[in-house]
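Each remark here refers to the structure printed beneath this line.
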2 protein chains.
Amino acid sequence: MEVNQNNVESTPSPRWPNEISMDAFREAWQLEGTPVWETVFEMHKDKMQIKNVNVATANLENIFNTTFRLSNEKGFQAMSLRDLSRETGISMGGLYAYIHSKDELASVIESVLRHYLRMVLGSLAKHDLDPVSHLKAIIFGETYMNEIMNPWFYFSYMEVKGLPRSQQEKAMDLELLAQSILLDNFTAGMKQQVFQCDNPDMLAVHSIGLLQQWYLKRWKFKRMQLNADQFASSVFEFVLKALNGHHNSNSKQPGIAAG
Amino acid sequence: MEVNQNNVESTPSPRWPNEISMDAFREAWQLEGTPVWETVFEMHKDKMQIKNVNVATANLENIFNTTFRLSNEKGFQAMSLRDLSRETGISMGGLYAYIHSKDELASVIESVLRHYLRMVLGSLAKHDLDPVSHLKAIIFGETYMNEIMNPWFYFSYMEVKGLPRSQQEKAMDLELLAQSILLDNFTAGMKQQVFQCDNPDMLAVHSIGLLQQWYLKRWKFKRMQLNADQFASSVFEFVLKALNGHHNSNSKQPGIAAG
DNA sequence: GTCTATATCTGGATAGAC
DNA sequence: GTCTATCCAGATATAGAC
């Protein structure tokens, strides 16, 4: 078993977002592989019986990835711990050395994803770039993250309603945070007269909806043979058009009270 | 109990889409209330023990609406038939006079929704209107349907992966049908030089993603106090801008192989 | 047509051997 | 740290009274 002793909280490399590419993003954030399982261990070792890092990370990887596979296929509730035991090759008793309960397993997945998402969103919010470049960095960055942590996002989206209300609210808050980062970009661009938009609030809502498609509609994009860069490009184009277009007077837009 | 003896397959009133409004749409399609429960009965009476229409429709309404409430709150798998029995006030034995099994209940919901969706989509595909008006009719029509049958769509979206593969494929086919209706509108408009678009396939994909938001992000739109018309308007504006905008040469769009 | 009572089984969870 | 064996609550589904 190979052991990676990277820091759990790796600091982003300066290569991103100056160079916008999946490889640079991967390297900057380390959102997959050993560092992730070490983070999971760090965040939840107090609730685990296992104390050895190396043993734990290997099994956590197995347990989490199998949970993603089974529950993203047929649903978390429909996945029994006996299924999980069989597919991981870890006995029922063994599983309970890593998780306190089935529900807690879902909770941990959500909270680890939130941890990483806050980290990346916090960075994407910073803007020493012109509005257009910043917008591009946000859209490509979120798409790359959605691609790399695809099973996490899909799981979170589909299973969040099974969690306690407090966690549901945290998930909604994070979506609103992502939305506000886009909104701030739009309004900054409007102030600088780079962007024009009648309803930036609504555009931010739509943009989030579009970005989430990348992990929700895997089957469709696979058929289309569309990769993450192509997807992000088309979202970027789409949103940019909404920000450059002049006011279209032959159809009226009702007033919208944004939150 | 009031009994509505409307035909199960009500023909659309001529008032829509010439007059685009929720009320006209509601009246044209009858996607709620007694006609719907009569349709459910018609479509599945051979699998039910109950033969009396009036008794059946009242209980079906109760069972289905309660199923929506419980499973859209915590998930269909997490909802037990004991929950359903308690909340409907119908005993366990009583429930089984209406459904053959729990899984079948989900199947019926999906198949009834597909029935109505095929019906409405088939009508929206017809176009004796100019491209812009036709686009507006499609976007508003789908939003109205998503609004009226909101619990059905939400259930279908979240629970489809728990169904047999054959039903999953039917759901995907219907999404692709909705997508192709938009694509046909785009290409017709491009032919008539009303629309301009580099990548109409991708725009159709994005448009579907946007429209689905209306039933997926209820919590957000409620906070924003946004109604269906306002939502549809903003989607319409957004898509129109993508169709009118000139080619943006300072950012390149990778080639996309569309299915 | 609806109910109560019950059969049957599966699921989550734990105790204790190794 | 992992496994086997087991407990038991709760799930689907059915039989048969009314």
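The way I read the labels, and the way they are meant: chains A, B, ... in the order of the structure tokens, residue 1 as the first residue of every chain, and ligand 1 as the first ligand shown, with later ones counted on from there.
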
For B:Lys161: contacts at 10 Å, only C-alpha atoms (C1' of nucleotides), fewer than 4 positions along chain excluded, given as a tab-separated table (two decimals) with C-alpha atoms, in the first residue's frame:
chain	number	residue	atom	x	y	z
A	71	SER	CA	-26.18	4.28	-3.85
A	72	ASN	CA	-25.69	6.28	-7.00
A	73	GLU	CA	-27.04	3.24	-8.81
A	74	LYS	CA	-30.12	2.49	-6.77
A	75	GLY	CA	-30.24	5.01	-3.93
B	156	SER	CA	-39.98	11.04	-11.02
B	157	TYR	CA	-36.66	12.88	-11.09
B	165	ARG	CA	-33.94	-0.19	-16.36
B	167	GLN	CA	-38.51	2.55	-17.17
B	168	GLN	CA	-35.31	4.51	-16.70

Superposed chain A (on chain B, all in-order C-alpha pairs) as a PDB file with C-alpha atoms, in the first residue's frame:
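Dumped everything to out-v3.pdb:
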ATOM      1  CA  MET A   1     -68.050  13.161  -2.873  1.00  0.00           C
ATOM      2  CA  GLU A   2     -68.308  15.029  -6.137  1.00  0.00           C
ATOM      3  CA  VAL A   3     -68.075  12.993  -9.299  1.00  0.00           C
ATOM      4  CA  ASN A   4     -66.702  14.470 -12.473  1.00  0.00           C
ATOM      5  CA  GLN A   5     -67.600  12.485 -15.550  1.00  0.00           C
ATOM      6  CA  ASN A   6     -65.198  14.232 -17.918  1.00  0.00           C
ATOM      7  CA  ASN A   7     -63.518  12.139 -20.530  1.00  0.00           C
ATOM      8  CA  VAL A   8     -60.232  10.759 -19.347  1.00  0.00           C
ATOM      9  CA  GLU A   9     -58.418  11.951 -22.447  1.00  0.00           C
ATOM     10  CA  SER A  10     -59.635  15.516 -22.672  1.00  0.00           C
ATOM     11  CA  THR A  11     -58.751  17.220 -25.924  1.00  0.00           C
ATOM     12  CA  PRO A  12     -56.871  20.500 -25.603  1.00  0.00           C
ATOM     13  CA  SER A  13     -58.953  23.612 -25.770  1.00  0.00           C
ATOM     14  CA  PRO A  14     -58.139  25.928 -28.687  1.00  0.00           C
ATOM     15  CA  ARG A  15     -57.423  28.740 -26.237  1.00  0.00           C
ATOM     16  CA  TRP A  16     -53.867  27.527 -25.786  1.00  0.00           C
ATOM     17  CA  PRO A  17     -51.146  28.342 -26.867  1.00  0.00           C
ATOM     18  CA  ASN A  18     -52.739  31.300 -28.657  1.00  0.00           C
ATOM     19  CA  GLU A  19     -53.340  32.765 -25.248  1.00  0.00           C
ATOM     20  CA  ILE A  20     -50.335  31.989 -23.095  1.00  0.00           C
ATOM     21  CA  SER A  21     -51.413  31.958 -19.471  1.00  0.00           C
ATOM     22  CA  MET A  22     -51.475  29.507 -16.627  1.00  0.00           C
ATOM     23  CA  ASP A  23     -55.274  29.601 -16.461  1.00  0.00           C
ATOM     24  CA  ALA A  24     -55.692  28.828 -20.155  1.00  0.00           C
ATOM     25  CA  PHE A  25     -53.156  26.036 -19.878  1.00  0.00           C
ATOM     26  CA  ARG A  26     -54.871  24.554 -16.841  1.00  0.00           C
ATOM     27  CA  GLU A  27     -58.186  24.557 -18.578  1.00  0.00           C
ATOM     28  CA  ALA A  28     -56.805  23.129 -21.794  1.00  0.00           C
ATOM     29  CA  TRP A  29     -55.050  20.140 -20.309  1.00  0.00           C
ATOM     30  CA  GLN A  30     -56.759  19.210 -17.049  1.00  0.00           C
ATOM     31  CA  LEU A  31     -53.557  18.031 -15.396  1.00  0.00           C
ATOM     32  CA  GLU A  32     -54.955  18.046 -11.867  1.00  0.00           C
ATOM     33  CA  GLY A  33     -57.976  17.067  -9.833  1.00  0.00           C
ATOM     34  CA  THR A  34     -60.565  14.402 -10.593  1.00  0.00           C
ATOM     35  CA  PRO A  35     -59.684  13.870 -14.284  1.00  0.00           C
ATOM     36  CA  VAL A  36     -56.164  12.853 -13.282  1.00  0.00           C
ATOM     37  CA  TRP A  37     -57.312  10.272 -10.735  1.00  0.00           C
ATOM     38  CA  GLU A  38     -59.765   8.897 -13.246  1.00  0.00           C
ATOM     39  CA  THR A  39     -56.888   8.521 -15.666  1.00  0.00           C
ATOM     40  CA  VAL A  40     -54.854   6.725 -13.037  1.00  0.00           C
ATOM     41  CA  PHE A  41     -57.793   4.389 -12.474  1.00  0.00           C
ATOM     42  CA  GLU A  42     -58.260   3.797 -16.209  1.00  0.00           C
ATOM     43  CA  MET A  43     -54.584   3.059 -16.756  1.00  0.00           C
ATOM     44  CA  HIS A  44     -54.301   0.587 -13.904  1.00  0.00           C
ATOM     45  CA  LYS A  45     -57.699  -0.785 -13.027  1.00  0.00           C
ATOM     46  CA  ASP A  46     -56.702  -4.223 -14.320  1.00  0.00           C
ATOM     47  CA  LYS A  47     -54.088  -4.429 -11.578  1.00  0.00           C
ATOM     48  CA  MET A  48     -56.443  -3.237  -8.836  1.00  0.00           C
ATOM     49  CA  GLN A  49     -58.972  -5.193  -6.834  1.00  0.00           C
ATOM     50  CA  ILE A  50     -61.261  -2.193  -6.631  1.00  0.00           C
ATOM     51  CA  LYS A  51     -63.772  -1.917  -9.447  1.00  0.00           C
ATOM     52  CA  ASN A  52     -65.947   1.026  -8.406  1.00  0.00           C
ATOM     53  CA  VAL A  53     -64.663   4.197 -10.093  1.00  0.00           C
ATOM     54  CA  ASN A  54     -65.872   6.656  -7.501  1.00  0.00           C
ATOM     55  CA  VAL A  55     -64.506   4.746  -4.541  1.00  0.00           C
ATOM     56  CA  ALA A  56     -61.244   4.157  -6.347  1.00  0.00           C
ATOM     57  CA  THR A  57     -60.543   7.731  -7.482  1.00  0.00           C
ATOM     58  CA  ALA A  58     -61.074   9.178  -4.012  1.00  0.00           C
ATOM     59  CA  ASN A  59     -58.654   6.701  -2.453  1.00  0.00           C
ATOM     60  CA  LEU A  60     -56.158   6.957  -5.287  1.00  0.00           C
ATOM     61  CA  GLU A  61     -56.046  10.703  -4.781  1.00  0.00           C
ATOM     62  CA  ASN A  62     -55.389  10.164  -1.099  1.00  0.00           C
ATOM     63  CA  ILE A  63     -52.747   7.471  -1.653  1.00  0.00           C
ATOM     64  CA  PHE A  64     -50.868   9.311  -4.403  1.00  0.00           C
ATOM     65  CA  ASN A  65     -50.887  12.708  -2.759  1.00  0.00           C
ATOM     66  CA  THR A  66     -49.733  11.238   0.520  1.00  0.00           C
ATOM     67  CA  THR A  67     -47.019   9.299  -1.286  1.00  0.00           C
ATOM     68  CA  PHE A  68     -45.839  12.548  -2.849  1.00  0.00           C
ATOM     69  CA  ARG A  69     -45.804  14.324   0.462  1.00  0.00           C
ATOM     70  CA  LEU A  70     -43.938  11.624   2.354  1.00  0.00           C
ATOM     71  CA  SER A  71     -41.493  10.562  -0.327  1.00  0.00           C
ATOM     72  CA  ASN A  72     -40.741  14.043  -1.568  1.00  0.00           C
ATOM     73  CA  GLU A  73     -39.903  14.844   2.043  1.00  0.00           C
ATOM     74  CA  LYS A  74     -37.648  11.946   2.918  1.00  0.00           C
ATOM     75  CA  GLY A  75     -37.461   9.690  -0.124  1.00  0.00           C
ATOM     76  CA  PHE A  76     -39.639   6.902  -1.454  1.00  0.00           C
ATOM     77  CA  GLN A  77     -37.432   4.123  -0.091  1.00  0.00           C
ATOM     78  CA  ALA A  78     -37.454   5.748   3.333  1.00  0.00           C
ATOM     79  CA  MET A  79     -41.243   5.949   3.306  1.00  0.00           C
ATOM     80  CA  SER A  80     -42.675   2.715   4.678  1.00  0.00           C
ATOM     81  CA  LEU A  81     -46.109   1.444   3.769  1.00  0.00           C
ATOM     82  CA  ARG A  82     -46.904   1.728   7.443  1.00  0.00           C
ATOM     83  CA  ASP A  83     -46.177   5.460   7.178  1.00  0.00           C
ATOM     84  CA  LEU A  84     -48.403   5.590   4.141  1.00  0.00           C
ATOM     85  CA  SER A  85     -51.117   3.644   5.915  1.00  0.00           C
ATOM     86  CA  ARG A  86     -51.041   5.923   8.938  1.00  0.00           C
ATOM     87  CA  GLU A  87     -50.992   9.152   6.942  1.00  0.00           C
ATOM     88  CA  THR A  88     -53.710   8.142   4.489  1.00  0.00           C
ATOM     89  CA  GLY A  89     -55.864   6.611   7.185  1.00  0.00           C
ATOM     90  CA  ILE A  90     -56.130   3.488   5.006  1.00  0.00           C
ATOM     91  CA  SER A  91     -55.098   0.178   6.570  1.00  0.00           C
ATOM     92  CA  MET A  92     -52.205  -1.888   5.242  1.00  0.00           C
ATOM     93  CA  GLY A  93     -54.620  -4.410   3.808  1.00  0.00           C
ATOM     94  CA  GLY A  94     -56.636  -1.615   2.292  1.00  0.00           C
ATOM     95  CA  LEU A  95     -53.610  -0.181   0.507  1.00  0.00           C
ATOM     96  CA  TYR A  96     -52.967  -3.501  -1.196  1.00  0.00           C
ATOM     97  CA  ALA A  97     -56.368  -3.341  -2.843  1.00  0.00           C
ATOM     98  CA  TYR A  98     -55.013  -0.381  -4.817  1.00  0.00           C
ATOM     99  CA  ILE A  99     -51.411  -1.329  -5.403  1.00  0.00           C
ATOM    100  CA  HIS A 100     -49.840  -4.665  -6.098  1.00  0.00           C
ATOM    101  CA  SER A 101     -46.576  -3.783  -4.367  1.00  0.00           C
ATOM    102  CA  LYS A 102     -44.662  -0.798  -3.109  1.00  0.00           C
ATOM    103  CA  ASP A 103     -42.403  -0.808  -6.163  1.00  0.00           C
ATOM    104  CA  GLU A 104     -45.421  -0.866  -8.425  1.00  0.00           C
ATOM    105  CA  LEU A 105     -46.698   2.308  -6.797  1.00  0.00           C
ATOM    106  CA  ALA A 106     -43.590   4.133  -7.983  1.00  0.00           C
ATOM    107  CA  SER A 107     -43.924   2.559 -11.415  1.00  0.00           C
ATOM    108  CA  VAL A 108     -47.510   3.726 -11.752  1.00  0.00           C
ATOM    109  CA  ILE A 109     -46.591   7.271 -10.803  1.00  0.00           C
ATOM    110  CA  GLU A 110     -43.880   7.316 -13.443  1.00  0.00           C
ATOM    111  CA  SER A 111     -46.032   5.835 -16.155  1.00  0.00           C
ATOM    112  CA  VAL A 112     -48.959   8.186 -15.534  1.00  0.00           C
ATOM    113  CA  LEU A 113     -46.613  11.169 -15.670  1.00  0.00           C
ATOM    114  CA  ARG A 114     -45.099   9.883 -18.894  1.00  0.00           C
ATOM    115  CA  HIS A 115     -48.588   9.566 -20.326  1.00  0.00           C
ATOM    116  CA  TYR A 116     -49.396  13.190 -19.643  1.00  0.00           C
ATOM    117  CA  LEU A 117     -45.965  14.413 -20.642  1.00  0.00           C
ATOM    118  CA  ARG A 118     -46.122  12.684 -24.016  1.00  0.00           C
ATOM    119  CA  MET A 119     -49.524  14.237 -24.534  1.00  0.00           C
ATOM    120  CA  VAL A 120     -48.421  17.789 -23.791  1.00  0.00           C
ATOM    121  CA  LEU A 121     -45.042  17.507 -25.529  1.00  0.00           C
ATOM    122  CA  GLY A 122     -46.729  16.126 -28.636  1.00  0.00           C
ATOM    123  CA  SER A 123     -48.863  19.228 -28.748  1.00  0.00           C
ATOM    124  CA  LEU A 124     -45.998  21.618 -28.035  1.00  0.00           C
ATOM    125  CA  ALA A 125     -44.014  20.099 -30.904  1.00  0.00           C
ATOM    126  CA  LYS A 126     -46.562  21.287 -33.441  1.00  0.00           C
ATOM    127  CA  HIS A 127     -45.710  24.676 -34.791  1.00  0.00           C
ATOM    128  CA  ASP A 128     -48.022  26.866 -36.790  1.00  0.00           C
ATOM    129  CA  LEU A 129     -46.398  29.823 -35.067  1.00  0.00           C
ATOM    130  CA  ASP A 130     -43.352  31.921 -35.886  1.00  0.00           C
ATOM    131  CA  PRO A 131     -40.165  30.600 -34.219  1.00  0.00           C
ATOM    132  CA  VAL A 132     -40.125  33.152 -31.399  1.00  0.00           C
ATOM    133  CA  SER A 133     -43.764  32.609 -30.474  1.00  0.00           C
ATOM    134  CA  HIS A 134     -43.325  28.874 -30.730  1.00  0.00           C
ATOM    135  CA  LEU A 135     -40.306  29.005 -28.449  1.00  0.00           C
ATOM    136  CA  LYS A 136     -42.300  31.036 -25.975  1.00  0.00           C
ATOM    137  CA  ALA A 137     -45.156  28.530 -26.120  1.00  0.00           C
ATOM    138  CA  ILE A 138     -42.754  25.645 -25.449  1.00  0.00           C
ATOM    139  CA  ILE A 139     -41.002  27.307 -22.533  1.00  0.00           C
ATOM    140  CA  PHE A 140     -44.158  28.587 -20.890  1.00  0.00           C
ATOM    141  CA  GLY A 141     -46.029  25.357 -21.593  1.00  0.00           C
ATOM    142  CA  GLU A 142     -43.386  23.171 -20.022  1.00  0.00           C
ATOM    143  CA  THR A 143     -43.107  25.482 -17.043  1.00  0.00           C
ATOM    144  CA  TYR A 144     -46.870  25.446 -16.520  1.00  0.00           C
ATOM    145  CA  MET A 145     -46.890  21.677 -16.691  1.00  0.00           C
ATOM    146  CA  ASN A 146     -43.955  21.487 -14.265  1.00  0.00           C
ATOM    147  CA  GLU A 147     -45.859  23.781 -11.940  1.00  0.00           C
ATOM    148  CA  ILE A 148     -49.173  21.962 -12.047  1.00  0.00           C
ATOM    149  CA  MET A 149     -47.703  18.472 -11.782  1.00  0.00           C
ATOM    150  CA  ASN A 150     -44.786  19.550  -9.634  1.00  0.00           C
ATOM    151  CA  PRO A 151     -44.919  16.635  -7.149  1.00  0.00           C
ATOM    152  CA  TRP A 152     -45.064  14.135 -10.004  1.00  0.00           C
ATOM    153  CA  PHE A 153     -42.018  15.586 -11.718  1.00  0.00           C
ATOM    154  CA  TYR A 154     -40.028  15.891  -8.535  1.00  0.00           C
ATOM    155  CA  PHE A 155     -40.865  12.337  -7.568  1.00  0.00           C
ATOM    156  CA  SER A 156     -39.967  11.065 -11.010  1.00  0.00           C
ATOM    157  CA  TYR A 157     -36.661  12.899 -11.081  1.00  0.00           C
ATOM    158  CA  MET A 158     -35.538  11.742  -7.651  1.00  0.00           C
ATOM    159  CA  GLU A 159     -36.831   8.183  -7.720  1.00  0.00           C
ATOM    160  CA  VAL A 160     -36.315   7.061 -11.310  1.00  0.00           C
ATOM    161  CA  LYS A 161     -33.058   5.302 -10.485  1.00  0.00           C
ATOM    162  CA  GLY A 162     -34.928   2.951  -8.175  1.00  0.00           C
ATOM    163  CA  LEU A 163     -37.032   1.678 -11.072  1.00  0.00           C
ATOM    164  CA  PRO A 164     -36.292  -1.099 -13.552  1.00  0.00           C
ATOM    165  CA  ARG A 165     -33.926  -0.142 -16.331  1.00  0.00           C
ATOM    166  CA  SER A 166     -36.685  -0.222 -18.946  1.00  0.00           C
ATOM    167  CA  GLN A 167     -38.490   2.583 -17.171  1.00  0.00           C
ATOM    168  CA  GLN A 168     -35.302   4.542 -16.686  1.00  0.00           C
ATOM    169  CA  GLU A 169     -34.791   4.424 -20.415  1.00  0.00           C
ATOM    170  CA  LYS A 170     -38.309   5.609 -21.092  1.00  0.00           C
ATOM    171  CA  ALA A 171     -37.696   8.581 -18.817  1.00  0.00           C
ATOM    172  CA  MET A 172     -34.454   9.417 -20.608  1.00  0.00           C
ATOM    173  CA  ASP A 173     -36.168   9.096 -23.975  1.00  0.00           C
ATOM    174  CA  LEU A 174     -38.821  11.565 -22.897  1.00  0.00           C
ATOM    175  CA  GLU A 175     -36.196  14.047 -21.766  1.00  0.00           C
ATOM    176  CA  LEU A 176     -34.491  13.677 -25.133  1.00  0.00           C
ATOM    177  CA  LEU A 177     -37.842  14.192 -26.840  1.00  0.00           C
ATOM    178  CA  ALA A 178     -38.384  17.456 -24.969  1.00  0.00           C
ATOM    179  CA  GLN A 179     -34.858  18.415 -25.956  1.00  0.00           C
ATOM    180  CA  SER A 180     -35.440  17.634 -29.620  1.00  0.00           C
ATOM    181  CA  ILE A 181     -38.576  19.769 -29.660  1.00  0.00           C
ATOM    182  CA  LEU A 182     -36.485  22.725 -28.594  1.00  0.00           C
ATOM    183  CA  LEU A 183     -33.755  21.819 -31.052  1.00  0.00           C
ATOM    184  CA  ASP A 184     -36.249  21.637 -33.907  1.00  0.00           C
ATOM    185  CA  ASN A 185     -37.505  25.072 -32.958  1.00  0.00           C
ATOM    186  CA  PHE A 186     -33.965  26.460 -32.917  1.00  0.00           C
ATOM    187  CA  THR A 187     -33.016  25.012 -36.296  1.00  0.00           C
ATOM    188  CA  ALA A 188     -36.306  26.143 -37.855  1.00  0.00           C
ATOM    189  CA  GLY A 189     -35.621  29.649 -36.595  1.00  0.00           C
ATOM    190  CA  MET A 190     -32.067  29.515 -37.909  1.00  0.00           C
ATOM    191  CA  LYS A 191     -33.319  28.439 -41.300  1.00  0.00           C
ATOM    192  CA  GLN A 192     -35.646  31.426 -41.299  1.00  0.00           C
ATOM    193  CA  GLN A 193     -32.735  33.638 -40.227  1.00  0.00           C
ATOM    194  CA  VAL A 194     -34.614  34.625 -37.082  1.00  0.00           C
ATOM    195  CA  PHE A 195     -32.159  32.824 -34.812  1.00  0.00           C
ATOM    196  CA  GLN A 196     -28.384  32.614 -34.834  1.00  0.00           C
ATOM    197  CA  CYS A 197     -26.618  29.965 -32.819  1.00  0.00           C
ATOM    198  CA  ASP A 198     -23.237  28.247 -32.995  1.00  0.00           C
ATOM    199  CA  ASN A 199     -24.316  25.199 -31.102  1.00  0.00           C
ATOM    200  CA  PRO A 200     -28.074  24.616 -31.019  1.00  0.00           C
ATOM    201  CA  ASP A 201     -27.666  21.056 -29.670  1.00  0.00           C
ATOM    202  CA  MET A 202     -25.919  22.313 -26.600  1.00  0.00           C
ATOM    203  CA  LEU A 203     -28.402  25.141 -26.180  1.00  0.00           C
ATOM    204  CA  ALA A 204     -31.240  22.619 -26.177  1.00  0.00           C
ATOM    205  CA  VAL A 205     -29.456  20.604 -23.480  1.00  0.00           C
ATOM    206  CA  HIS A 206     -29.005  23.705 -21.360  1.00  0.00           C
ATOM    207  CA  SER A 207     -32.593  24.804 -21.877  1.00  0.00           C
ATOM    208  CA  ILE A 208     -33.942  21.504 -20.553  1.00  0.00           C
ATOM    209  CA  GLY A 209     -31.688  21.822 -17.537  1.00  0.00           C
ATOM    210  CA  LEU A 210     -33.025  25.289 -16.858  1.00  0.00           C
ATOM    211  CA  LEU A 211     -36.673  24.300 -17.209  1.00  0.00           C
ATOM    212  CA  GLN A 212     -36.309  21.410 -14.774  1.00  0.00           C
ATOM    213  CA  GLN A 213     -35.118  23.827 -12.116  1.00  0.00           C
ATOM    214  CA  TRP A 214     -38.698  24.931 -11.639  1.00  0.00           C
ATOM    215  CA  TYR A 215     -39.662  21.711  -9.874  1.00  0.00           C
ATOM    216  CA  LEU A 216     -36.223  20.925  -8.444  1.00  0.00           C
ATOM    217  CA  LYS A 217     -35.494  24.190  -6.639  1.00  0.00           C
ATOM    218  CA  ARG A 218     -38.802  24.970  -5.052  1.00  0.00           C
ATOM    219  CA  TRP A 219     -37.160  26.172  -1.839  1.00  0.00           C
ATOM    220  CA  LYS A 220     -35.140  28.754  -3.716  1.00  0.00           C
ATOM    221  CA  PHE A 221     -37.944  30.187  -5.813  1.00  0.00           C
ATOM    222  CA  LYS A 222     -40.201  30.345  -2.808  1.00  0.00           C
ATOM    223  CA  ARG A 223     -37.628  32.503  -1.025  1.00  0.00           C
ATOM    224  CA  MET A 224     -37.372  34.699  -4.091  1.00  0.00           C
ATOM    225  CA  GLN A 225     -41.172  34.905  -4.300  1.00  0.00           C
ATOM    226  CA  LEU A 226     -40.867  34.000  -7.957  1.00  0.00           C
ATOM    227  CA  ASN A 227     -43.933  32.648  -9.739  1.00  0.00           C
ATOM    228  CA  ALA A 228     -44.123  30.356 -12.747  1.00  0.00           C
ATOM    229  CA  ASP A 229     -44.665  33.182 -15.237  1.00  0.00           C
ATOM    230  CA  GLN A 230     -41.695  35.125 -13.957  1.00  0.00           C
ATOM    231  CA  PHE A 231     -39.549  32.026 -14.093  1.00  0.00           C
ATOM    232  CA  ALA A 232     -40.633  31.135 -17.619  1.00  0.00           C
ATOM    233  CA  SER A 233     -40.079  34.728 -18.721  1.00  0.00           C
ATOM    234  CA  SER A 234     -36.531  34.732 -17.500  1.00  0.00           C
ATOM    235  CA  VAL A 235     -35.749  31.394 -19.132  1.00  0.00           C
ATOM    236  CA  PHE A 236     -37.290  32.660 -22.351  1.00  0.00           C
ATOM    237  CA  GLU A 237     -35.176  35.823 -22.250  1.00  0.00           C
ATOM    238  CA  PHE A 238     -32.055  33.858 -21.464  1.00  0.00           C
ATOM    239  CA  VAL A 239     -32.528  31.387 -24.313  1.00  0.00           C
ATOM    240  CA  LEU A 240     -33.544  34.118 -26.743  1.00  0.00           C
ATOM    241  CA  LYS A 241     -30.327  36.006 -26.073  1.00  0.00           C
ATOM    242  CA  ALA A 242     -28.356  32.911 -26.903  1.00  0.00           C
ATOM    243  CA  LEU A 243     -30.233  32.710 -30.188  1.00  0.00           C
ATOM    244  CA  ASN A 244     -29.846  36.327 -31.236  1.00  0.00           C
ATOM    245  CA  GLY A 245     -26.289  36.983 -30.203  1.00  0.00           C
ATOM    246  CA  HIS A 246     -23.625  37.334 -32.855  1.00  0.00           C
ATOM    247  CA  HIS A 247     -20.609  35.040 -32.805  1.00  0.00           C
ATOM    248  CA  ASN A 248     -18.223  35.963 -30.014  1.00  0.00           C
ATOM    249  CA  SER A 249     -14.770  35.617 -31.519  1.00  0.00           C
ATOM    250  CA  ASN A 250     -12.530  36.209 -28.495  1.00  0.00           C
ATOM    251  CA  SER A 251     -13.250  32.822 -26.974  1.00  0.00           C
ATOM    252  CA  LYS A 252     -13.188  29.569 -28.801  1.00  0.00           C
ATOM    253  CA  GLN A 253     -15.817  26.852 -28.580  1.00  0.00           C
ATOM    254  CA  PRO A 254     -14.568  23.287 -28.926  1.00  0.00           C
ATOM    255  CA  GLY A 255     -16.326  21.130 -31.455  1.00  0.00           C
ATOM    256  CA  ILE A 256     -19.105  19.063 -29.938  1.00  0.00           C
ATOM    257  CA  ALA A 257     -20.355  15.743 -31.226  1.00  0.00           C
ATOM    258  CA  ALA A 258     -24.050  15.828 -30.477  1.00  0.00           C
ATOM    259  CA  GLY A 259     -26.148  12.684 -30.275  1.00  0.00           C
TER     260      GLY A 259
END

Selection near D:DG16, 12 Å with only C-alpha atoms (C1' of nucleotides), sequence-local residues under 4 positions removed, as a ChimeraX atom specification: /B:93 /C:3-6

C:DG16 surroundings by only C-alpha atoms (C1' of nucleotides), 12 Å radius, close-in-sequence under 5 positions cut, as a list in words: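 Those residues are Gly93 of chain A; DC3, DT4, DA5 and DT6 of chain D.
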
Residues from the last selection, C-alpha atoms (C1' of nucleotides), saved as a PDB file, in the first residue's frame:
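Written output follows (selection.pdb):
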ATOM      1  CA  GLY A  93     -18.759  -5.875  12.136  1.00  0.00           C
TER       2      GLY A  93
ATOM      3  C1'  DC D   3     -14.776 -11.582  11.753  1.00  0.00           C
ATOM      4  C1'  DT D   4     -18.818 -14.674  13.045  1.00  0.00           C
ATOM      5  C1'  DA D   5     -22.970 -15.210  15.188  1.00  0.00           C
ATOM      6  C1'  DT D   6     -26.939 -13.267  16.765  1.00  0.00           C
TER       7       DT D   6
END

Could you make a table, as a tab-separated table, of the residues of chain D that have an atom within 10 Å of an atom of chain B, each with its nearest atom pair and distance in Å to one decimal, counting only C-alpha atoms (C1' of nucleotides), in chain and number order?
residue	atom	partner	partner_atom	distance
D:DG10	C1'	B:Ser80	CA	9.4
D:DA11	C1'	B:Ser80	CA	7.2
D:DT12	C1'	B:Leu81	CA	7.9
D:DA13	C1'	B:Ser101	CA	8.1
D:DT14	C1'	B:Gly93	CA	8.3

Those of stretch 59-237 of chain A in DSSP alpha helix (DSSP H), formatted as number ranges by chain: A: 59-74, 81-88, 92-95, 102-125, 131-148, 150-159, 165-191, 200-216, 218-224, 228-237

Contact residues around D:DC8 with only C-alpha atoms (C1' of nucleotides) at 12 Å, ignoring same-chain residues under 6 positions, as number ranges by chain: C: 10-14
